[in-house]
Every structure is written in C-alpha cells, then in structure tokens.
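Down below is the structure, laid out as structure tokens.
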Number of protein chains: 2
Amino acid sequence: MHLPGEPATPALLVDRTVLDRNVQRMAELARRRGIALRPHAKTHKSPDIARLQLAAGATGLTVATVSEAEVFAAAGFEDLFVAYPLWVDADRGRRLRGVLESAVVSVGVDTVEGARALAAQLGGADGRLRVLVEVDSGQHRSGVTPDRAGELAEQVAHLGLPVLGVFTFPGHSYLPGSQAQVAGQEADALATAAAAVRDRGLEVTVVSGGSTPTADLEGGPLTEMRPGVYVFGDAQQWELGTAEPDQLALTCLATVVSTVAGRVVLDSGSKVLGADRPGWATGFGRLLDHPGARLTQLSEHHAVVDWPGPLPRPGDRVRVVPNHVCSAVNLADELHVVEEGVLVGSFPVAARGANT
Amino acid sequence: MHLPGEPATPALLVDRTVLDRNVQRMAELARRRGIALRPHAKTHKSPDIARLQLAAGATGLTVATVSEAEVFAAAGFEDLFVAYPLWVDADRGRRLRGVLESAVVSVGVDTVEGARALAAQLGGADGRLRVLVEVDSGQHRSGVTPDRAGELAEQVAHLGLPVLGVFTFPGHSYLPGSQAQVAGQEADALATAAAAVRDRGLEVTVVSGGSTPTADLEGGPLTEMRPGVYVFGDAQQWELGTAEPDQLALTCLATVVSTVAGRVVLDSGSKVLGADRPGWATGFGRLLDHPGARLTQLSEHHAVVDWPGPLPRPGDRVRVVPNHVCSAVNLADELHVVEEGVLVGSFPVAARGANT
C-alpha cells in the first residue's frame, strides 16, 4: 500500500469509510433496541470521532479518567460519564469542578470510602454531578457484587450524592466463545443490582453496560450501552469473531526493514502497537491484507512476522492490525485519515496520555 | 508514600539518588573494562538524563529511530548511533541529513537493499555518516548471521558508505538464567563477524554489543556497550536478578481505587505501565515497598493486585515498578524527580512518541 503524501512509518491510519459504517451500525443497533448509546471515548481519545458518534445518535460519552473528561468538556461535550471508581482527592475535585462548569457528569463508585471522598470534594455540585454504582458482573476487577448495590447506593444517597443507577463492564467477554454467556451474566447482574437499589426506595434511571464483544447479544435491563472498540475494531475482535476484516477501520502502516534468513521484520513495534497479547491471541497483531500472517515476536521497534507465501521485500509497506486498538491510539499523536485510498487529513488524538 | 506537592496519579517518579548511582555504576564498569559506553536513549528519551550519562563518561548515545536522533541532535548531542536496520526513504533521508548537520551519525544495516536505499539518499554525506553491520547473536530478530557480515560489509563499502564495524543486540538475555550463556554467544558472534569483515580487507573500528542483563558479563571483542534499561531498572530486571530493589530508580505512583471483596485495584493500568509481560514474569509489575505483591490483572486503567497481608485502603498511594520501563516512559510526558523523598522537579520525556 502506498499513499500519496504517505506518512513516515510506523503511522496509524483510519479508513474513513469503514469508520463511518461502524459508527452508524452501532447507533442503529442501539436505536433498534430502544436504548441509549454512550460510546467509550478512551478508544479514540478524539473529539472529531466523538462528534461523528453524537451526530449518529449517541446521547453522550463515556470516559475513563478526569483528564479525559477535561479534554472532552473543553471540546464542547456536555454529557459525560466517568465509568471508573474515581478516588477524588483535592486535585481531582478541583478538576472535576472545572468539568462541571460546562458538562453534566456521572461518576462511578464502588466503595463507601470513594463516595465519602467524592462527597467531601463535590457535595454541593447542584445536581450536575451524579453517581452510578459499579457492579461486578463477572470480570472480578472493580465493582460490588450485585446484591450489595442497594446498600452502597443508600450510603451514597445519605452522603447527599444523587444516585442515577448502576453500571458494569463485562470485560470477561474478551475470551473466545464467552460472549453469549457473559451477556447473560451482565443482564442478570444488572437486574439484581437495579432491584437491590430500588428495594432501598431509590429510583434507578440508568442501567448501563456493554462492551464491543457483547454488543450484539445484550438485552435485559440495559437502558444504555457503552462499547468503545467498535469504532475501529482490532485483531482481538477479529480473533474473537466480533469484527469482520471489513469492519477494521484502524491499521498501523509499517515498513519491512529486514528479511534476513526469511524473517520478515516490520518497524511497527510495541511502542506503536502496544504490547497487549491475551493468552488466546495467535500473536501480537495481524496483517489486514495477509490474513495468514502473524506477528510472533514484538519488541519496541521490531515486529517479526511469520509470513506464509512469497516474502515481501525491504521497503515494502503493509497494514498491521493492532491487537488492542485503545493501546495503539494512546501511543499516537494523530490518526491519519484515508478515504478511498487517499490521505485526506488527520484526527488529533487530543486526549492521548490523559490518564489521571 | 505521600510527597509534598504530589502529582496526580498515575505518575512516573524518578528517584534521583538511585538514578545517579546507576549512571555512575555503568560508567565505572565500562571504564574498568576499557571500552566505550554508548547508552541507549530509547529507555529515558530524555536529554536531561542523557547529559548525566555523558557527564559520567559515556562517549555518545544510541537511539532507535531517526526521530529520536532528531530530538537528541536538537538538544546538542553530537555522536549518535541509530542501532536499527533503517529503511531510508526520501523522508527519512531528508531528516537524517538534518541530523547530520550537527552530529556524527552511525546507522545499522542488515540487508543490501537497506544499504542501497541509504546510499541513494545519503551517499555523499562526507564521512559524517557511518555504517555498522548488524549481526544476529541468537535473538533471531534482525541482523545477518556472523559469517555473512563480511560479504555485507563489502557490499556496503562498494556503495560508497564507510563501514565502521559490527554490532548486535543480545535480546535473548531477557530469559531467566540465560545471561552468562548469551554473553558468550554475543562475544562469539561479534568475534566471528569482525573477523569476517577484516577478511574482506576492511577495518573494524567498532565492535558494539550489550544489554542491561548481560552488562556485568560481557567481554571478548567488544569495544563498546549499549545498555539502556540500567538507568532505571524495572520489574523484569528485578525478576531476572539483574537489578536489586535498591537499583530501581523509576516507579509509577498509583492510588488504590477499590478494595471490594479483598481485590486491591490501582489506577496504574496498561496505558501508563505498558502491557509488557513475558511468559516468565510473575505478573504485570511489582510494588517497590511490597515485594510479595503481584499485579495479576491489568487493563487500561485498572491493575488488580494480589496483595499478601493487611490490605491497603482506598486512597492509599503505592509505588509500582513497571515490567518494562522503556514502555512506561514512552507513555509519559514527564518524569517527576524525587530527591530524598521530596519532589524537586521533572524531566520532560522529549522524545516520547518519536518512533519513526
């Protein structure tokens, strides 16, 4: 692949046609289901792409950190959910107050200590700040067990913080063949949690879940879905069977730098692709135009490819599909936008490194 | 650990005392052995730290990319080695010419195609550009087999490019218990390669090798060593036994955000630590002050810790040792400098993302 005015490699490319299709497809799915779509912006960290998502029907954005919230609020987004059990110290409190000047903000809570810190910093935020109780639906990371959601919601409410509902991230859907079962666990966990909150006399307005692998399978009590990766897809989704190759919008343009002894080495290393490799993945990434190839060895600036068939030559360029697109994007300052094979511009990764 | 004026977490901290000791120790090792020290700057990407290395006796810097060379040349460094089989297209040629205006530059070559591209772009660089032939000493990444080094060196010389010598990176030293054997393979490979080049009537001025795990074990034909990680150390070195805990200069300050069901969750995820995890590592990172703890689950903003003993509380801060410090540094814009427990300033990561 050679583009007119092609960027220095390694460089991240976004196929605009595929991106638009992905954005529309998920918006349509949410519409059909009659629930809200609140895409996770940690995947693209780009106000430009978030605008496309809202134009297609998304109701707001999900972010992971206060600094991401700051970037998107500054870019004009007025409805943000920090889907994370924030520890709100004085600095984060000050920054959240800044975000609340232009946006309605929900934040996650999964401990009473976290709620107390939040209340201490932002107790009087005039209803622009809301809380969602985080529930563990089986990933066993953060979140209370569903039956404890009511007790925590009551504690949060007693602290003077408005409880909007419950949320979970079914991250254990990132395992081959798990998606249907995980979507079921997610629905059950959220139903139990929502009931537990209502049992305490509190209203539950939002029941939020979702991940890209489970997006097509979710139902039940969800009022909102929060997929992130779907905008770009990646090699994990490809191997999970939750994205087809023609849904992969982001690739890393890489140059073959060495072919000694039949080893094809690309200049797309872990400092560009990220080093993510779940145990079930067949490698550190795939090649979009060579489905049989595998990145079998990855170091900072070298990707060694197991390449079936006739080898490429030094200087050839190929398109690598990163294993985990969120990690790759967070390593780049801009995404080069390609339309019908022509470089047409770039999306700045405005929230790159906004991880506090 | 609570620092006056402490940064928002997650944040990378550098202990200045440990850093200085590491810098001096490696410089002393090279001096004692009578060889040159050319530290790899991809680890710190920081002109401030590179200046400390040169002040301690390093003769020049190693970099991995042309864009790193640009950053360090702009910061005044006049002797750079791009230890990588560069594919020099027109854009890289233009940028390398810029670097050559203020610096002497060596670059790696491992294919005749790569050498031809380099000669086409930079054939008349007046001796400020030199070539080192890359040799595979057992990592099986880039580099020719040692016996082929003579033939390639001759081809490079015929293209009008000055051949300075040979180099290797013994990256297979990143395996527990391998270091002595790998240092031996490295010495043998470099000796064979240097002899093969001399057999073609070419002079060999530089025989360059080295990695942090093998630094204490190298000998033989090396005229130059290029360790990188030693300035900071990391959890890989700790687990390989090639760095003691008191040699770990860089940590990630992290906050405990959740302790639900006894699971300790930190806000230092893969977007700050990097996702590197070799198969032999005991986790995704370690805690400096809790040697028994392990990061067993890592996602973008969550690190789940297997924590023996009394659990910390939400809001507590801990110091995480990343598995691979080069990846962590490339995710940060600055390194906060701590001296005797007090925050005294920061080192900008000037070459962050300079990966082309």
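If you're wondering about the labels, chains in the structure tokens are A, B, ... by order shown, residues count from 1 in each chain, ligands from 1 in order shown.
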Give me, as a PyMOL selection string, the residues of chain A touching chain B, with the criterion being at most 6 Å (counting only C-alpha atoms). chain A and resi 9-10+87+257+275-276+356
Counting only C-alpha atoms, what is within 7 Å of Pro227 in chain B, bar same-chain residues fewer than 4 positions away, as JSON, numbers by chain? {"B": [39, 40, 210, 211, 212, 215]}
Would you give me, as a PyMOL selection string, the residues in range 3-251 of chain B that DSSP reads as helix (DSSP H, G or I)? chain B and resi 16-33+47-55+66-74+90-100+112-122+146-158+171-173+179-199+229-231+235-240+245-247
Give me the residues near Val82 in chain A as a list of chain:residue names, where near means some atom within 6 Å (using only C-alpha atoms) and where sequence neighbours in that chain fewer than 4 positions away do not count.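 Listing them by chain and then by number gives A:Thr62, A:Val63, A:Ala64, A:Val107.
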Write out as a list in words all residues of range 106-224 of chain A that DSSP puts in strand (DSSP E) for this structure's backbone. Ser106, Val107, Gly108, Val109, Leu129, Arg130, Val131, Leu132, Val133, Glu134, Val163, Leu164, Gly165, Val166, Phe167, Val206, Val207, Ser208, Gly209 and Glu224 of chain A
Do you know which residues are at most 9 Å from range 230-232 of chain A counting only C-alpha atoms, after dropping those on the same chain fewer than 5 positions away, and could you put them as a ChimeraX atom specification? /A:14-15,18-23,26,39,43-44,49,53,211-213,215,237,243,247-251,325
With only C-alpha atoms as the atoms that count, which of B:Gln179, B:Gln185, B:Thr17, B:Gln155 lies nearest to Val197 in chain B?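 Looking at the shortest contact to Val197 in chain B, the residue is B:Gln155.
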List the spatial neighbours of Ala194 in chain B as a ChimeraX atom specification - criterion: any atom at most 9 Å away, only C-alpha atoms, same-chain residues fewer than 5 positions off excluded. /B:146,149-150,165-166,189,199,203-204,206-207,221
Pairwise distance for CA of Thr282 in chain B and CA of Asp216 in chain B, rounded to one decimal in Å: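 Taking CA of Thr282 in chain B as the start and CA of Asp216 in chain B as the end point, the length is 24.0 Å.
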Fewer than 5 positions away in the same chain doesn't count, so skip those; otherwise give me all residues within 10 Å of Val105 in chain A, counting only C-alpha atoms, as a list in words.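 Near Val105 in chain A, the qualifying residues are Leu61, Thr62, Ala69, Ala73, Glu78, Asp79, Leu80, Phe81, Val82, Leu96, Arg97, Val99, Leu100, Gly127, Arg128, Leu129, Arg130 and Val131 of chain A.
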From the set B:Ala27, B:Ala351, B:Leu37, B:Ala191, which residue has the shortest atom-to-atom contact distance to Val66 in chain B, counting only C-alpha atoms?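 Distance minimum relative to Val66 in chain B lands on B:Ala351.
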Long-range neighbours of range 172-176 of chain A as a VMD selection string, 9 Å cut-off, only C-alpha atoms, 5 positions minimum in chain: chain A and resid 137 to 140 181 to 183 211 to 214 236 to 237 239 to 241 278 280
If I take CA of Ala36 in chain A and CA of Thr205 in chain A, how far is one from the other in Å, to one decimal? 11.8 Å
